[in-house]
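Student: Input: one structure, supplied below.
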Amino acid sequence: MNTQEGSPAPRRRSRAPALVAAIASLLVPGLGQLLNRQKLKALVWLIVPVLLVSVELATSDWGRYAALRSGKVPPESFARGAEAGFELEGPAGGEQATSLADLFGTAEAGEAEGEDPFAAATEDDPFAAASEDDPFAAAEDPFSGGVPDLDPFAAAAEGEDPFAAAAGEGEGLDSGDSYFDATYLWPNYGDEGPRYVVRDFGGFFTRGLWGLATLGRVVIDDAYAGTTIELYNRVTPWLGADNSIVLMGNGLIALSILVILGAVWAFGVADAYRSRVRTDETGRVEKFGEFWGRVWHSLYVYLVSAPAFVLMILFTIIPILFTFLMAFTNYTYRVKLGARLIEWVGLDTFRFLAVDPGWLSVFGQIFLWTILWALMSSFTVYAIGFLNAMVVESPLVRAKKVWRTIMILPWAIPSLVSLMVFRNAFDKDGLVNQFLFASGLMESVTNFLYKIGLEGKPDMPIFWFQPIYNGALARFVVVLTNLWLGAPYHMMMIIGVLATVPKELYEAAAIDGATGYQRFRFITLPMVLSATVPALIMTFSFNFNNFGAVYFLTGGGPSWDPSKVPDSMRIVGSAMPGQTDILISWIYKLSFTKDFEQYNTAAVYSIIIFMIVGGFAVFNMLRSKSFTEEAGE
Amino acid sequence: MNARRLRALPLEIAAATLFALFFAPFVLVLVNSAKGAFQITNAPLALPEDWSQLFRNVATIWTSDNIRYGSSFASSLVITAGSLVLIDLVASQAAWALVRTKSRVSSTVFIVFVAAMVVPFQIVMFPLLSWFRKVTDFTGVPLLRNYAGIFLAYVGFGMAQSIFMFHGFIKSIPLELEEAATIDGCRRHEIFYRIVFPILKPIHATVLVLNGIWIWNDYLLPVLVLGKGNKVMTLPLAVSNFAGAFVKQWDLIMTAILMAMIPVVVFFLFAQKSIIKGMVAGSIK
């Protein structure tokens, strides 16, 4: 601090060595520390480049590449294909064709295994439909059709890898003792044609970044580097087709490790600068022990929070990055991994969705309904929760404990299970219709629903979820069911708040002669509202994404009026949203409807949801007490 | 007294109506669990003719291979308890360290946690499966279809919110206690486990209750990570697996649903007081 108040000239002189040290550390981690005469510390930072280089080298084939380039190994003798002069047992094309067939054959077999053996049920039964289009029974992971799902060992055991065998037969391998060397094949780059050196020889980091940047370059049956690319090759990875999703995942992992290492590196730069300044000021070099003690003291925090942090990055941050990246690709059902590549398309998907009138209008309608749904369900849930709480807590009501226990139960049981019961109850032969028939109310109820416009036709029995003209009714039922599911939580919350309202207020009000309604209106309501506003906002964003309440009850149905499906949306086929679908359940359909997957569109809509829900949550947190205190420090 | 009763009447009517509406589904499930296949389609609203049918249905469910009630219940218990212990230990310690260390980095870490709270699970869930496979490829630790994956996933997803709740509570604890312990020669982890951890009791309850209810009742994460018809199933998973297998047999499905409800209902009846207390403490801030 004192030096800063001195004349500018000496200060500039004193800062120069610090800058030099910082720049040195920027070039080579640890070099700046070395200049500062802190050898041990320099070693600590030297670990960063050493780690980088050794991981890269250990996982790469750069050694082979160097040998190849330096001419130690004549490429012709090891490359496969016509030039290599090996006798192949069959036409290469034929082999490829079988393996391409294998690709889809295996993918289908995999799905068949994954399916519930009992799921094949009659179609007219609504619950059969439920189990069939059960999202998760049929829901195959979008990427399962790709390469990694094939069992590499099975293929190897069958000995179907003609090239490995061919290479094994080839005599004259100078280091032919080890299996890997004997079967490894060099890429034989021709004079023309592409060469992806990083792809073929690169290590963990270079190949990861290459994959992330390009999303792959060659696919099955491509002629590349003197050979034909096959689907998968266990021994010689570069012979296998690129799988864009795998490359994207590897790239993300490599990138996140690089970011962490980069942060350590940057910390080293800052440290070199700061410790030099301190040395210049005090005239003594900080000992390593002191530095370590300082770091250790603060390191404790990071050690303790590291598990949490790592898990969160693994399960939240990276998957969401994955989704974000997907929005900038052309990944739809048309891209069969292994046979085609995903490409970066920049903002094309965003642009298309923003411009195309068909998509725009359907999205607009779904979006409006989502907001309406979130508002209605949050309001009803809160209001009935409030009413329940008032009833349960009222001194006039007897046997409170029994009421309260009953009212809480819907919150406690798995919502999937309750939704199954409701789905059954609102079936056309379900309990609700049976009850209406039995009680003789059916005719008046259906006429009433028809008159107020919820039902398109006064049917008896009432079709709650099915025909196109009953969209409004289905929406109404969804909100009603959600009320049953969601009110108990809010009741408990409000019971808790009610307990915090000071009794004196009511006593004072009673003395002033306030009526029960006035006491509620001017004391209870404002107190509870102000205490539960954050919870209410959270409820809104929860319902905005309340996938289960819609999907497990109606499956999105009734379906969209076919005459109103825009032409540009016909490509999505059965991934078309239903009339009760909210954004998140439509995204689900876009991602998981077999043969109609639209991963990129789903990702774009995911980003929109993320921004809305995230915005609400951030807004909520910024105004919540526990955060403002943190920020105010 | 009479006037008081009269005034209470509308409230009691309201209470009775609400009670009926909220209780009806439970009654329906119970009543229909005690019916045979024929009676349930013919008279779903009537009382069962023979209550002993209930026990026969329960026996069918108990021995069913699709639900494997005993082992599913045990799996649910193991998953819930294990995840809760992990979440509670890791989150409380991390939150404590973050509160007690004031530096730019520690507040950045905290803000990252808060930011992760904002990410809706439904958006993350789509790439999760392929991501899990990727992690398995890299680390060699199988994460799908076993306990390891689901523990880690629950800890990963439950962490942010739990740290946030612990963080808010720990800030209100005065520092003097810990300083005194430091003077007495306590190490840092000793300070935490001997002094801070017990003080956190009320917020432990909140974190355990909220996460416990979520994990026990969750369907989306288990179905993604464990898959249907797997050796390890949670109760909701088992019930939906059963419903998929016995498509038309609503008598048995109702019994399965009833049996899935029973453990939670019993638990709630016994622990209601502490659950409400824990819930309330956490939800209002």
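By order of appearance in the structure tokens: chains A, B, ..., then residues from 1 within every chain, and ligands from 1 in the order shown.
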Would you give me, as a ChimeraX atom specification, the residues of chain B that come within 6 Å of chain A, using only C-alpha atoms?

Tutor: /B:8,94,97,118,124,127,156,168,217,244-245,247,261,280

Student: Could you work out how far atom CA of A:Gln365 lies from atom CA of A:Met576, giving the answer in Å with one decimal?

Tutor: 12.6 Å

Student: Can you list, as a list in words, every protein, DNA or RNA residue that comes within 8 Å of stretch 174-178 of chain B when you count only C-alpha atoms, leaving out same-chain residues fewer than 2 positions away?

Tutor: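 The contact residues come out as Lys171, Ser172, Ala180, Ala181, Thr182, Ile191, Ile195 and Val196 of chain B.
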
Student: Just asking: which residues within stretch 171-286 of chain A are strand (DSSP E or B) according to DSSP, as number ranges by chain?

Tutor: A: 223-224, 227-228, 230, 240
